[in-house]
>>> print(open('upload27.pdb').read())   # PDB, C-alpha atoms
ATOM      1  CA  MET W   1      -8.421  32.242 -30.739
ATOM      2  CA  SER W   2      -7.237  28.986 -29.152
ATOM      3  CA  THR W   3      -9.941  26.841 -27.576
ATOM      4  CA  THR W   4      -7.494  24.464 -25.849
ATOM      5  CA  LEU W   5      -8.179  24.263 -22.113
ATOM      6  CA  ARG W   6      -5.037  24.071 -19.978
ATOM      7  CA  THR W   7      -5.808  21.572 -17.209
ATOM      8  CA  ASP W   8      -3.078  22.972 -14.932
ATOM      9  CA  LEU W   9      -4.983  26.263 -14.884
ATOM     10  CA  VAL W  10      -8.278  24.551 -14.114
ATOM     11  CA  ARG W  11      -7.085  22.412 -11.181
ATOM     12  CA  PRO W  12      -4.752  23.356  -8.329
ATOM     13  CA  SER W  13      -1.252  22.049  -9.140
ATOM     14  CA  ILE W  14      -1.035  19.091  -6.711
ATOM     15  CA  ILE W  15      -4.130  17.333  -8.087
ATOM     16  CA  ASN W  16      -3.039  17.746 -11.696
ATOM     17  CA  PRO W  17      -1.648  14.297 -12.648
ATOM     18  CA  GLY W  18       1.264  15.781 -14.627
ATOM     19  CA  ARG W  19       2.295  18.102 -11.799
ATOM     20  CA  PHE W  20       1.841  15.251  -9.288
ATOM     21  CA  GLY W  21       4.271  13.075 -11.275
ATOM     22  CA  ALA W  22       6.907  15.827 -11.349
ATOM     23  CA  LEU W  23       6.573  16.397  -7.586
ATOM     24  CA  VAL W  24       6.871  12.654  -6.841
ATOM     25  CA  ASP W  25       9.992  12.373  -9.016
ATOM     26  CA  ARG W  26      11.573  15.342  -7.224
ATOM     27  CA  TYR W  27      10.861  14.338  -3.600
ATOM     28  CA  MET W  28      11.012  10.505  -3.857
ATOM     29  CA  PRO W  29      14.775  10.203  -3.057
ATOM     30  CA  PHE W  30      14.323  12.274   0.151
ATOM     31  CA  LEU W  31      11.284  10.251   1.205
ATOM     32  CA  ALA W  32      13.103   6.958   0.553
ATOM     33  CA  ALA W  33      16.153   8.157   2.546
ATOM     34  CA  LEU W  34      13.914   9.262   5.435
ATOM     35  CA  THR W  35      12.212   5.840   5.406
ATOM     36  CA  ALA W  36      15.561   4.020   5.543
ATOM     37  CA  LEU W  37      16.715   6.272   8.413
ATOM     38  CA  ALA W  38      13.490   5.679  10.383
ATOM     39  CA  PHE W  39      13.894   1.905   9.942
ATOM     40  CA  ALA W  40      17.548   2.054  11.052
ATOM     41  CA  VAL W  41      16.658   3.958  14.252
ATOM     42  CA  GLY W  42      13.539   1.826  14.844
ATOM     43  CA  LEU W  43      15.412  -1.471  14.453
ATOM     44  CA  TYR W  44      18.164  -0.317  16.817
ATOM     45  CA  LEU W  45      15.577   0.622  19.449
ATOM     46  CA  ALA W  46      13.508  -2.537  18.874
ATOM     47  CA  LEU W  47      16.316  -5.114  18.844
ATOM     48  CA  TRP W  48      18.969  -3.607  21.147
ATOM     49  CA  ALA W  49      17.797  -0.630  23.213
ATOM     50  CA  SER W  50      14.393  -1.895  24.419
ATOM     51  CA  PRO W  51      14.079  -4.316  27.344
ATOM     52  CA  GLU W  52      12.672  -7.847  27.248
ATOM     53  CA  ASP W  53       9.223  -8.429  28.724
ATOM     54  CA  TYR W  54       9.144 -10.008  32.199
ATOM     55  CA  GLN W  55       6.569 -12.577  31.019
ATOM     56  CA  GLN W  56       7.094 -12.905  27.257
ATOM     57  CA  GLY W  57      10.883 -12.596  27.233
ATOM     58  CA  ALA W  58      12.474 -11.778  23.855
ATOM     59  CA  THR W  59       9.290 -12.575  21.887
ATOM     60  CA  VAL W  60       8.024  -9.110  22.805
ATOM     61  CA  ARG W  61      10.399  -7.832  20.088
ATOM     62  CA  ILE W  62       8.017  -9.337  17.514
ATOM     63  CA  MET W  63       5.544  -6.639  18.615
ATOM     64  CA  TYR W  64       7.705  -3.952  16.944
ATOM     65  CA  VAL W  65       6.985  -5.370  13.488
ATOM     66  CA  HIS W  66       3.639  -7.088  14.091
ATOM     67  CA  VAL W  67       1.732  -4.107  15.522
ATOM     68  CA  PRO W  68       2.876  -1.454  12.961
ATOM     69  CA  ALA W  69       2.086  -3.900  10.121
ATOM     70  CA  ALA W  70      -1.428  -4.422  11.552
ATOM     71  CA  TRP W  71      -1.961  -0.650  11.985
ATOM     72  CA  LEU W  72      -0.837  -0.031   8.387
ATOM     73  CA  ALA W  73      -3.108  -2.841   7.133
ATOM     74  CA  LEU W  74      -6.107  -0.953   8.593
ATOM     75  CA  PHE W  75      -4.784   2.495   7.633
ATOM     76  CA  THR W  76      -4.275   1.412   4.013
ATOM     77  CA  TYR W  77      -7.866   0.233   3.822
ATOM     78  CA  MET W  78      -9.047   3.629   5.089
ATOM     79  CA  VAL W  79      -6.888   5.297   2.406
ATOM     80  CA  MET W  80      -8.644   3.094  -0.169
ATOM     81  CA  ALA W  81     -12.064   3.990   1.267
ATOM     82  CA  SER W  82     -11.210   7.717   1.084
ATOM     83  CA  ALA W  83     -10.020   7.212  -2.500
ATOM     84  CA  ALA W  84     -13.287   5.393  -3.296
ATOM     85  CA  LEU W  85     -15.244   8.386  -1.978
ATOM     86  CA  GLY W  86     -12.990  10.685  -4.035
ATOM     87  CA  THR W  87     -13.788   8.621  -7.135
ATOM     88  CA  LEU W  88     -17.519   8.166  -6.628
ATOM     89  CA  VAL W  89     -18.453  11.542  -5.108
ATOM     90  CA  TRP W  90     -15.898  14.120  -6.271
ATOM     91  CA  ARG W  91     -14.527  12.311  -9.385
ATOM     92  CA  HIS W  92     -11.018  13.353  -8.389
ATOM     93  CA  PRO W  93      -8.547  12.531 -11.226
ATOM     94  CA  LEU W  94      -6.030  10.831  -8.900
ATOM     95  CA  ALA W  95      -8.483   9.133  -6.510
ATOM     96  CA  ASP W  96      -8.935   5.877  -8.422
ATOM     97  CA  VAL W  97      -5.166   5.728  -9.061
ATOM     98  CA  ALA W  98      -4.614   6.052  -5.276
ATOM     99  CA  GLY W  99      -7.187   3.341  -4.532
ATOM    100  CA  LYS W 100      -5.902   0.878  -7.100
ATOM    101  CA  THR W 101      -2.249   1.180  -6.080
ATOM    102  CA  ALA W 102      -2.928   1.005  -2.323
ATOM    103  CA  ALA W 103      -4.543  -2.462  -2.497
ATOM    104  CA  PRO W 104      -1.354  -4.557  -3.065
ATOM    105  CA  ILE W 105       0.441  -2.602  -0.315
ATOM    106  CA  GLY W 106      -2.415  -3.234   2.113
ATOM    107  CA  ALA W 107      -2.403  -6.932   1.197
ATOM    108  CA  VAL W 108       1.342  -7.187   1.971
ATOM    109  CA  PHE W 109       0.952  -5.408   5.346
ATOM    110  CA  THR W 110      -1.976  -7.678   6.247
ATOM    111  CA  ALA W 111      -0.020 -10.800   5.261
ATOM    112  CA  ILE W 112       2.987  -9.607   7.320
ATOM    113  CA  SER W 113       0.714  -8.930  10.292
ATOM    114  CA  LEU W 114      -0.884 -12.395  10.073
ATOM    115  CA  ALA W 115       2.440 -14.220   9.565
ATOM    116  CA  SER W 116       4.343 -12.387  12.327
ATOM    117  CA  GLY W 117       1.343 -12.795  14.651
ATOM    118  CA  SER W 118       1.284 -16.505  13.939
ATOM    119  CA  ILE W 119       5.027 -16.768  14.747
ATOM    120  CA  TRP W 120       4.418 -14.822  17.986
ATOM    121  CA  GLY W 121       1.384 -16.952  18.842
ATOM    122  CA  LYS W 122       3.218 -20.282  18.764
ATOM    123  CA  PRO W 123       5.487 -19.679  21.807
ATOM    124  CA  MET W 124       2.887 -17.579  23.694
ATOM    125  CA  TRP W 125      -0.379 -19.444  22.999
ATOM    126  CA  GLY W 126       1.038 -22.820  21.972
ATOM    127  CA  ALA W 127      -0.642 -22.627  18.529
ATOM    128  CA  TRP W 128       0.244 -21.113  15.153
ATOM    129  CA  TRP W 129      -3.381 -20.186  14.508
ATOM    130  CA  VAL W 130      -6.690 -19.981  16.389
ATOM    131  CA  TRP W 131     -10.088 -19.016  14.940
ATOM    132  CA  ASP W 132     -10.211 -16.024  17.249
ATOM    133  CA  ALA W 133     -12.318 -12.954  16.274
ATOM    134  CA  ARG W 134      -9.266 -10.688  15.742
ATOM    135  CA  LEU W 135      -7.315 -13.214  13.663
ATOM    136  CA  THR W 136     -10.352 -14.228  11.606
ATOM    137  CA  SER W 137     -11.376 -10.619  10.856
ATOM    138  CA  MET W 138      -7.771  -9.849   9.781
ATOM    139  CA  LEU W 139      -7.822 -12.907   7.497
ATOM    140  CA  ILE W 140     -11.075 -11.582   5.990
ATOM    141  CA  LEU W 141      -9.296  -8.234   5.410
ATOM    142  CA  LEU W 142      -6.556 -10.071   3.473
ATOM    143  CA  PHE W 143      -9.197 -11.789   1.301
ATOM    144  CA  MET W 144     -10.884  -8.416   0.743
ATOM    145  CA  TYR W 145      -7.622  -6.911  -0.494
ATOM    146  CA  LEU W 146      -7.033  -9.885  -2.817
ATOM    147  CA  GLY W 147     -10.636  -9.679  -4.075
ATOM    148  CA  LEU W 148     -10.323  -5.953  -4.831
ATOM    149  CA  ILE W 149      -7.014  -6.507  -6.700
ATOM    150  CA  ALA W 150      -8.727  -9.248  -8.755
ATOM    151  CA  LEU W 151     -11.713  -6.959  -9.443
ATOM    152  CA  TRP W 152      -9.439  -4.165 -10.701
ATOM    153  CA  ARG W 153      -7.725  -6.611 -13.047
ATOM    154  CA  ALA W 154     -10.973  -8.203 -14.264
ATOM    155  CA  ILE W 155     -12.409  -4.985 -15.762
ATOM    156  CA  ASP W 156     -10.603  -3.495 -18.786
ATOM    157  CA  ASP W 157     -12.080   0.003 -18.710
ATOM    158  CA  PRO W 158     -10.281   1.940 -15.875
ATOM    159  CA  GLY W 159     -13.267   4.247 -15.255
ATOM    160  CA  ARG W 160     -15.735   1.382 -14.836
ATOM    161  CA  ALA W 161     -13.219  -0.609 -12.761
ATOM    162  CA  ALA W 162     -12.793   2.408 -10.457
ATOM    163  CA  ARG W 163     -16.553   2.740  -9.885
ATOM    164  CA  VAL W 164     -17.150  -0.987  -9.256
ATOM    165  CA  THR W 165     -14.161  -1.416  -6.925
ATOM    166  CA  GLY W 166     -14.997   1.887  -5.209
ATOM    167  CA  ILE W 167     -18.449   0.569  -4.236
ATOM    168  CA  ALA W 168     -16.965  -2.790  -3.142
ATOM    169  CA  THR W 169     -14.318  -0.969  -1.069
ATOM    170  CA  LEU W 170     -16.930   1.146   0.720
ATOM    171  CA  VAL W 171     -19.012  -1.952   1.507
ATOM    172  CA  GLY W 172     -15.885  -3.580   2.988
ATOM    173  CA  VAL W 173     -15.294  -0.678   5.420
ATOM    174  CA  ILE W 174     -17.678  -2.473   7.808
ATOM    175  CA  ASN W 175     -14.830  -4.902   8.592
ATOM    176  CA  ILE W 176     -12.520  -2.158   9.971
ATOM    177  CA  PRO W 177     -14.418  -1.412  13.238
ATOM    178  CA  ILE W 178     -15.029  -5.160  13.580
ATOM    179  CA  ILE W 179     -11.239  -5.732  13.522
ATOM    180  CA  LYS W 180     -10.545  -2.832  15.892
ATOM    181  CA  PHE W 181     -13.201  -3.717  18.488
ATOM    182  CA  SER W 182     -13.180  -7.526  18.048
ATOM    183  CA  VAL W 183     -11.074  -7.866  21.217
ATOM    184  CA  ASP W 184     -13.695  -5.876  23.185
ATOM    185  CA  TRP W 185     -16.867  -7.348  21.662
ATOM    186  CA  TRP W 186     -15.838 -11.015  21.885
ATOM    187  CA  ASN W 187     -13.849 -13.122  24.312
ATOM    188  CA  THR W 188     -10.601 -13.510  22.351
ATOM    189  CA  LEU W 189      -7.216 -15.111  22.894
ATOM    190  CA  HIS W 190      -5.663 -12.020  21.257
ATOM    191  CA  GLN W 191      -4.876  -9.348  23.840
ATOM    192  CA  GLY W 192      -6.872  -6.122  24.058
ATOM    193  CA  ALA W 193      -5.725  -2.674  22.875
ATOM    194  CA  SER W 194      -2.770  -1.294  24.826
ATOM    195  CA  VAL W 195      -1.784   1.796  22.796
ATOM    196  CA  MET W 196      -4.895   3.276  21.130
ATOM    197  CA  ARG W 197      -7.056   3.509  24.242
ATOM    198  CA  PHE W 198      -9.280   6.319  25.474
ATOM    199  CA  ASP W 199      -7.458   6.323  28.830
ATOM    200  CA  GLY W 200      -3.969   6.386  27.253
ATOM    201  CA  PRO W 201      -1.360   3.691  26.485
ATOM    202  CA  THR W 202      -0.647   1.006  29.084
ATOM    203  CA  ILE W 203       2.799   0.138  27.661
ATOM    204  CA  HIS W 204       5.932   1.327  29.445
ATOM    205  CA  PRO W 205       7.685   4.203  27.557
ATOM    206  CA  SER W 206      10.801   2.002  27.083
ATOM    207  CA  MET W 207       8.661  -0.178  24.775
ATOM    208  CA  LEU W 208       6.226   2.467  23.543
ATOM    209  CA  VAL W 209       8.925   4.699  22.005
ATOM    210  CA  PRO W 210      10.475   1.922  19.817
ATOM    211  CA  LEU W 211       6.952   0.877  18.789
ATOM    212  CA  LEU W 212       6.037   4.409  17.701
ATOM    213  CA  VAL W 213       9.347   4.858  15.831
ATOM    214  CA  MET W 214       8.737   1.583  13.957
ATOM    215  CA  ALA W 215       5.155   2.707  13.251
ATOM    216  CA  LEU W 216       6.545   5.949  11.780
ATOM    217  CA  ALA W 217       8.978   3.903   9.635
ATOM    218  CA  PHE W 218       6.117   1.731   8.336
ATOM    219  CA  MET W 219       4.049   4.858   7.610
ATOM    220  CA  LEU W 220       6.944   6.411   5.644
ATOM    221  CA  LEU W 221       7.384   3.114   3.784
ATOM    222  CA  PHE W 222       3.711   3.197   2.861
ATOM    223  CA  ALA W 223       4.023   6.792   1.605
ATOM    224  CA  THR W 224       7.149   5.986  -0.435
ATOM    225  CA  VAL W 225       5.779   2.833  -2.062
ATOM    226  CA  HIS W 226       2.283   4.249  -2.593
ATOM    227  CA  LEU W 227       3.428   7.491  -4.246
ATOM    228  CA  SER W 228       5.853   5.537  -6.429
ATOM    229  CA  ALA W 229       3.139   3.055  -7.428
ATOM    230  CA  MET W 230       0.749   5.929  -8.235
ATOM    231  CA  ARG W 231       3.402   7.467 -10.502
ATOM    232  CA  THR W 232       3.841   4.091 -12.233
ATOM    233  CA  GLU W 233       0.087   3.754 -12.738
ATOM    234  CA  LEU W 234      -0.017   7.217 -14.359
ATOM    235  CA  ILE W 235       2.772   6.159 -16.763
ATOM    236  CA  ARG W 236       0.843   2.972 -17.588
ATOM    237  CA  ARG W 237      -2.330   4.963 -18.277
ATOM    238  CA  ARG W 238      -0.403   7.355 -20.519
ATOM    239  CA  ALA W 239       0.886   4.335 -22.481
ATOM    240  CA  ARG W 240      -2.693   3.043 -22.799
ATOM    241  CA  THR W 241      -3.891   6.426 -24.082
ATOM    242  CA  VAL W 242      -1.072   6.564 -26.668
ATOM    243  CA  ARG W 243      -1.883   2.984 -27.803
ATOM    244  CA  LEU W 244      -5.614   3.769 -28.166
ATOM    245  CA  ARG W 245      -4.884   7.032 -30.028
ATOM    246  CA  THR W 246      -2.516   5.184 -32.397
ATOM    247  CA  ALA W 247      -5.061   2.413 -32.981
ATOM    248  CA  ARG W 248      -7.778   4.979 -33.813
ATOM    249  CA  GLY W 249      -5.422   6.908 -36.076
ATOM    250  CA  THR W 250      -4.366   3.853 -38.108
ATOM    251  CA  ARG W 251      -7.923   2.599 -38.685
TER     252      ARG W 251
ATOM    253  CA  MET Z   1      17.435 -13.762  23.051
ATOM    254  CA  GLY Z   2      17.592 -17.243  24.534
ATOM    255  CA  ASP Z   3      15.066 -19.936  23.661
ATOM    256  CA  TYR Z   4      12.916 -17.575  21.600
ATOM    257  CA  ALA Z   5      15.613 -16.324  19.189
ATOM    258  CA  GLY Z   6      14.311 -18.511  16.357
ATOM    259  CA  TYR Z   7      10.804 -17.036  16.611
ATOM    260  CA  VAL Z   8      12.075 -13.439  16.704
ATOM    261  CA  ILE Z   9      14.403 -13.998  13.731
ATOM    262  CA  ALA Z  10      11.612 -15.734  11.781
ATOM    263  CA  ALA Z  11       9.165 -12.856  12.440
ATOM    264  CA  TYR Z  12      11.701 -10.223  11.305
ATOM    265  CA  ALA Z  13      12.667 -12.335   8.265
ATOM    266  CA  VAL Z  14       9.015 -12.630   7.204
ATOM    267  CA  THR Z  15       8.452  -8.892   7.722
ATOM    268  CA  PHE Z  16      11.512  -7.670   5.863
ATOM    269  CA  GLY Z  17      11.082 -10.348   3.189
ATOM    270  CA  GLY Z  18       7.599  -8.947   2.582
ATOM    271  CA  ILE Z  19       8.914  -5.375   2.512
ATOM    272  CA  ALA Z  20      11.703  -6.381   0.077
ATOM    273  CA  ALA Z  21       9.102  -8.036  -2.183
ATOM    274  CA  LEU Z  22       6.982  -4.866  -2.068
ATOM    275  CA  ILE Z  23       9.945  -2.665  -3.040
ATOM    276  CA  ALA Z  24      10.980  -5.122  -5.808
ATOM    277  CA  TRP Z  25       7.412  -5.054  -7.173
ATOM    278  CA  THR Z  26       7.455  -1.233  -7.156
ATOM    279  CA  VAL Z  27      10.759  -1.068  -9.063
ATOM    280  CA  LEU Z  28       9.931  -3.816 -11.590
ATOM    281  CA  ASP Z  29       6.454  -2.390 -12.181
ATOM    282  CA  ARG Z  30       7.982   1.025 -12.961
ATOM    283  CA  VAL Z  31      10.457  -0.545 -15.412
ATOM    284  CA  GLY Z  32       7.603  -2.429 -17.113
ATOM    285  CA  ALA Z  33       5.419   0.683 -17.346
ATOM    286  CA  ARG Z  34       8.265   2.768 -18.818
ATOM    287  CA  ARG Z  35       8.943   0.054 -21.413
ATOM    288  CA  ALA Z  36       5.230  -0.091 -22.306
ATOM    289  CA  LEU Z  37       5.164   3.700 -22.742
ATOM    290  CA  GLY Z  38       8.321   3.570 -24.900
ATOM    291  CA  ARG Z  39       6.791   0.858 -27.126
ATOM    292  CA  ALA Z  40       3.519   2.803 -27.446
ATOM    293  CA  GLU Z  41       5.323   6.027 -28.365
ATOM    294  CA  ARG Z  42       7.492   4.249 -30.965
ATOM    295  CA  ALA Z  43       4.378   2.625 -32.466
ATOM    296  CA  ALA Z  44       2.652   6.039 -32.560
ATOM    297  CA  SER Z  45       5.696   7.570 -34.237
ATOM    298  CA  ARG Z  46       5.783   4.779 -36.884
ATOM    299  CA  ALA Z  47       2.031   5.164 -37.468
ATOM    300  CA  GLY Z  48       2.510   8.935 -37.873
ATOM    301  CA  ASP Z  49       5.310   8.401 -40.425
ATOM    302  CA  ALA Z  50       3.187   5.880 -42.343
ATOM    303  CA  ALA Z  51       0.202   8.245 -42.390
ATOM    304  CA  ALA Z  52       2.401  11.077 -43.664
ATOM    305  CA  GLY Z  53       3.779   8.763 -46.368
ATOM    306  CA  ASN Z  54       0.278   7.745 -47.444
ATOM    307  CA  ALA Z  55      -0.779  11.409 -47.611
ATOM    308  CA  ARG Z  56       2.270  12.229 -49.777
ATOM    309  CA  ASP Z  57       1.497   9.267 -52.098
ATOM    310  CA  ALA Z  58      -2.139  10.376 -52.405
ATOM    311  CA  ALA Z  59      -1.079  13.932 -53.204
TER     312      ALA Z  59
END
>>> encode(input="upload27.pdb", output="structure tokens")
Amino acid sequence: MSTTLRTDLVRPSIINPGRFGALVDRYMPFLAALTALAFAVGLYLALWASPEDYQQGATVRIMYVHVPAAWLALFTYMVMASAALGTLVWRHPLADVAGKTAAPIGAVFTAISLASGSIWGKPMWGAWWVWDARLTSMLILLFMYLGLIALWRAIDDPGRAARVTGIATLVGVINIPIIKFSVDWWNTLHQGASVMRFDGPTIHPSMLVPLLVMALAFMLLFATVHLSAMRTELIRRRARTVRLRTARGTR
Amino acid sequence: MGDYAGYVIAAYAVTFGGIAALIAWTVLDRVGARRALGRAERAASRAGDAAAGNARDAA
């Protein structure tokens, strides 16, 4: 009687790494096409169809890339925190792969948010940078992403790296509410929330709709790049396993 | 866009430059990982052939 345990029978199909890879390969072209379409519609609405602001003029168009990038910077960190919980508590086979591959994406979104905000700040505030609570806490988020990427690369054993970075990621979650509520808790030059408010958005629909379409495009971009990066990480781990097996076999 | 055109163009250039870099990293990383897997599988195949040869010699 065979004693081999078939992992696809033990776990539901989507969390089996092999099945996950096949699904990503099948649906990636559709997801990438949907992302490109969302960006095309979003850019049309942001650059041509939406009106200029009566105070800020054309610079308000920077909002359509700055705000979604900032939202995705925070969202990506929450994905990493969920993945850290999945690794440390449930030992999910894809959780550490999700956490590791999300970090560079989050770092890019944070950098885009800081850079576009700086470019918006110069004509509106008269300065490229101010040590305001919102800007400083976002800069700390960028350093946290870079630190976690460095930590992943510093530890050779993937299992140990996942546990160490998982704990560090969960500790760093404290910065997320600080970023979100920094404009309420401190007197900041950065404006307060105008979309995610308990009493509803204060932006006119002619600007809110393009903003939400661009946010959807950024979210689809995140999904496309993250799933693709997870697939790549699984290939890299398979290569590592083959190398280790060969090294043991030739000894 | 008047006086502010330069700022708007710069912000969009930075954003889509960053997105292009992210996509390029994703593609190049996949190519690198596939090459690494190919090398590992070829090495495993060579090691398997060598082991089989050694076993034949010993027999």
>>> resolve_selection(input="upload27.pdb", expression="the PyMOL selection byres ((chain W and resi 61) around 8)", output="list in words")
Ala46, Leu47, Glu52, Ala58, Thr59, Val60, Ile62, Met63, Tyr64 and Val65 of chain W; Val8 of chain Z
>>> closest_residue(input="upload27.pdb", among="Z:Val27, Z:Ala21, Z:Ala44, Z:Ile9", to="chain W", atoms="only C-alpha atoms")
Z:Ala44
>>> interface_residues(input="upload27.pdb", of="chain Z", to="chain W", cutoff="6 Å", atoms="only C-alpha atoms", output="JSON, numbers by chain")
{"Z": [1, 8, 11, 15, 30, 33, 37, 40, 44]}
>>> atom_distance(input="upload27.pdb", atom1="CA of Ala13 in chain Z", atom2="CA of Ser206 in chain W")
23.7 Å
>>> atom_distance(input="upload27.pdb", atom1="CA of Leu220 in chain W", atom2="CA of Ala81 in chain W")
19.7 Å
>>> resolve_selection(input="upload27.pdb", expression="the PyMOL selection byres ((chain W and resi 179) around 10)", output="VMD selection string")
chain W and resid 74 133 to 141 174 to 178 180 to 184
>>> atom_distance(input="upload27.pdb", atom1="CA of Leu28 in chain Z", atom2="CA of Thr101 in chain W")
14.3 Å
>>> closest_residue(input="upload27.pdb", among="W:Pro201, W:Ala107, W:Leu94, W:Tyr145", to="Gly18 in chain Z", atoms="all atoms listed in the file")
W:Ala107
>>> build_atoms(input="upload27.pdb", residues="range 3-27 of chain Z", atoms="N, CA and C atoms", output="PDB file, keeping the file's coordinate frame")
ATOM      1  N   ASP Z   3      15.840 -18.877  24.330  1.00  0.00           N
ATOM      2  CA  ASP Z   3      15.066 -19.936  23.661  1.00  0.00           C
ATOM      3  C   ASP Z   3      14.198 -19.406  22.507  1.00  0.00           C
ATOM      4  N   TYR Z   4      13.875 -18.123  22.567  1.00  0.00           N
ATOM      5  CA  TYR Z   4      12.916 -17.575  21.600  1.00  0.00           C
ATOM      6  C   TYR Z   4      13.581 -16.928  20.382  1.00  0.00           C
ATOM      7  N   ALA Z   5      14.898 -17.014  20.283  1.00  0.00           N
ATOM      8  CA  ALA Z   5      15.613 -16.324  19.189  1.00  0.00           C
ATOM      9  C   ALA Z   5      15.078 -16.729  17.816  1.00  0.00           C
ATOM     10  N   GLY Z   6      14.802 -18.011  17.647  1.00  0.00           N
ATOM     11  CA  GLY Z   6      14.311 -18.511  16.357  1.00  0.00           C
ATOM     12  C   GLY Z   6      13.006 -17.844  15.941  1.00  0.00           C
ATOM     13  N   TYR Z   7      12.101 -17.665  16.916  1.00  0.00           N
ATOM     14  CA  TYR Z   7      10.804 -17.036  16.611  1.00  0.00           C
ATOM     15  C   TYR Z   7      10.984 -15.565  16.234  1.00  0.00           C
ATOM     16  N   VAL Z   8      11.855 -14.869  16.983  1.00  0.00           N
ATOM     17  CA  VAL Z   8      12.075 -13.439  16.704  1.00  0.00           C
ATOM     18  C   VAL Z   8      12.712 -13.269  15.321  1.00  0.00           C
ATOM     19  N   ILE Z   9      13.728 -14.082  15.045  1.00  0.00           N
ATOM     20  CA  ILE Z   9      14.403 -13.998  13.731  1.00  0.00           C
ATOM     21  C   ILE Z   9      13.417 -14.321  12.610  1.00  0.00           C
ATOM     22  N   ALA Z  10      12.592 -15.347  12.811  1.00  0.00           N
ATOM     23  CA  ALA Z  10      11.612 -15.734  11.781  1.00  0.00           C
ATOM     24  C   ALA Z  10      10.617 -14.598  11.523  1.00  0.00           C
ATOM     25  N   ALA Z  11      10.143 -13.946  12.605  1.00  0.00           N
ATOM     26  CA  ALA Z  11       9.165 -12.856  12.440  1.00  0.00           C
ATOM     27  C   ALA Z  11       9.785 -11.680  11.673  1.00  0.00           C
ATOM     28  N   TYR Z  12      11.038 -11.335  12.003  1.00  0.00           N
ATOM     29  CA  TYR Z  12      11.701 -10.223  11.305  1.00  0.00           C
ATOM     30  C   TYR Z  12      12.023 -10.602   9.856  1.00  0.00           C
ATOM     31  N   ALA Z  13      12.374 -11.885   9.630  1.00  0.00           N
ATOM     32  CA  ALA Z  13      12.667 -12.335   8.265  1.00  0.00           C
ATOM     33  C   ALA Z  13      11.407 -12.264   7.396  1.00  0.00           C
ATOM     34  N   VAL Z  14      10.286 -12.690   7.949  1.00  0.00           N
ATOM     35  CA  VAL Z  14       9.015 -12.630   7.204  1.00  0.00           C
ATOM     36  C   VAL Z  14       8.660 -11.172   6.898  1.00  0.00           C
ATOM     37  N   THR Z  15       8.820 -10.308   7.896  1.00  0.00           N
ATOM     38  CA  THR Z  15       8.452  -8.892   7.722  1.00  0.00           C
ATOM     39  C   THR Z  15       9.326  -8.226   6.655  1.00  0.00           C
ATOM     40  N   PHE Z  16      10.642  -8.376   6.806  1.00  0.00           N
ATOM     41  CA  PHE Z  16      11.512  -7.670   5.863  1.00  0.00           C
ATOM     42  C   PHE Z  16      11.575  -8.376   4.506  1.00  0.00           C
ATOM     43  N   GLY Z  17      11.254  -9.659   4.476  1.00  0.00           N
ATOM     44  CA  GLY Z  17      11.082 -10.348   3.189  1.00  0.00           C
ATOM     45  C   GLY Z  17       9.888  -9.758   2.446  1.00  0.00           C
ATOM     46  N   GLY Z  18       8.805  -9.552   3.179  1.00  0.00           N
ATOM     47  CA  GLY Z  18       7.599  -8.947   2.582  1.00  0.00           C
ATOM     48  C   GLY Z  18       7.865  -7.533   2.093  1.00  0.00           C
ATOM     49  N   ILE Z  19       8.596  -6.756   2.906  1.00  0.00           N
ATOM     50  CA  ILE Z  19       8.914  -5.375   2.512  1.00  0.00           C
ATOM     51  C   ILE Z  19       9.824  -5.371   1.272  1.00  0.00           C
ATOM     52  N   ALA Z  20      10.798  -6.294   1.245  1.00  0.00           N
ATOM     53  CA  ALA Z  20      11.703  -6.381   0.077  1.00  0.00           C
ATOM     54  C   ALA Z  20      10.906  -6.734  -1.184  1.00  0.00           C
ATOM     55  N   ALA Z  21       9.943  -7.649  -1.036  1.00  0.00           N
ATOM     56  CA  ALA Z  21       9.102  -8.036  -2.183  1.00  0.00           C
ATOM     57  C   ALA Z  21       8.285  -6.839  -2.670  1.00  0.00           C
ATOM     58  N   LEU Z  22       7.779  -6.053  -1.717  1.00  0.00           N
ATOM     59  CA  LEU Z  22       6.982  -4.866  -2.068  1.00  0.00           C
ATOM     60  C   LEU Z  22       7.826  -3.846  -2.836  1.00  0.00           C
ATOM     61  N   ILE Z  23       9.053  -3.625  -2.365  1.00  0.00           N
ATOM     62  CA  ILE Z  23       9.945  -2.665  -3.040  1.00  0.00           C
ATOM     63  C   ILE Z  23      10.338  -3.194  -4.423  1.00  0.00           C
ATOM     64  N   ALA Z  24      10.618  -4.520  -4.512  1.00  0.00           N
ATOM     65  CA  ALA Z  24      10.980  -5.122  -5.808  1.00  0.00           C
ATOM     66  C   ALA Z  24       9.823  -4.979  -6.799  1.00  0.00           C
ATOM     67  N   TRP Z  25       8.593  -5.209  -6.306  1.00  0.00           N
ATOM     68  CA  TRP Z  25       7.412  -5.054  -7.173  1.00  0.00           C
ATOM     69  C   TRP Z  25       7.311  -3.612  -7.670  1.00  0.00           C
ATOM     70  N   THR Z  26       7.549  -2.647  -6.782  1.00  0.00           N
ATOM     71  CA  THR Z  26       7.455  -1.233  -7.156  1.00  0.00           C
ATOM     72  C   THR Z  26       8.463  -0.900  -8.262  1.00  0.00           C
ATOM     73  N   VAL Z  27       9.694  -1.375  -8.089  1.00  0.00           N
ATOM     74  CA  VAL Z  27      10.759  -1.068  -9.063  1.00  0.00           C
ATOM     75  C   VAL Z  27      10.475  -1.758 -10.403  1.00  0.00           C
TER      76      VAL Z  27
END
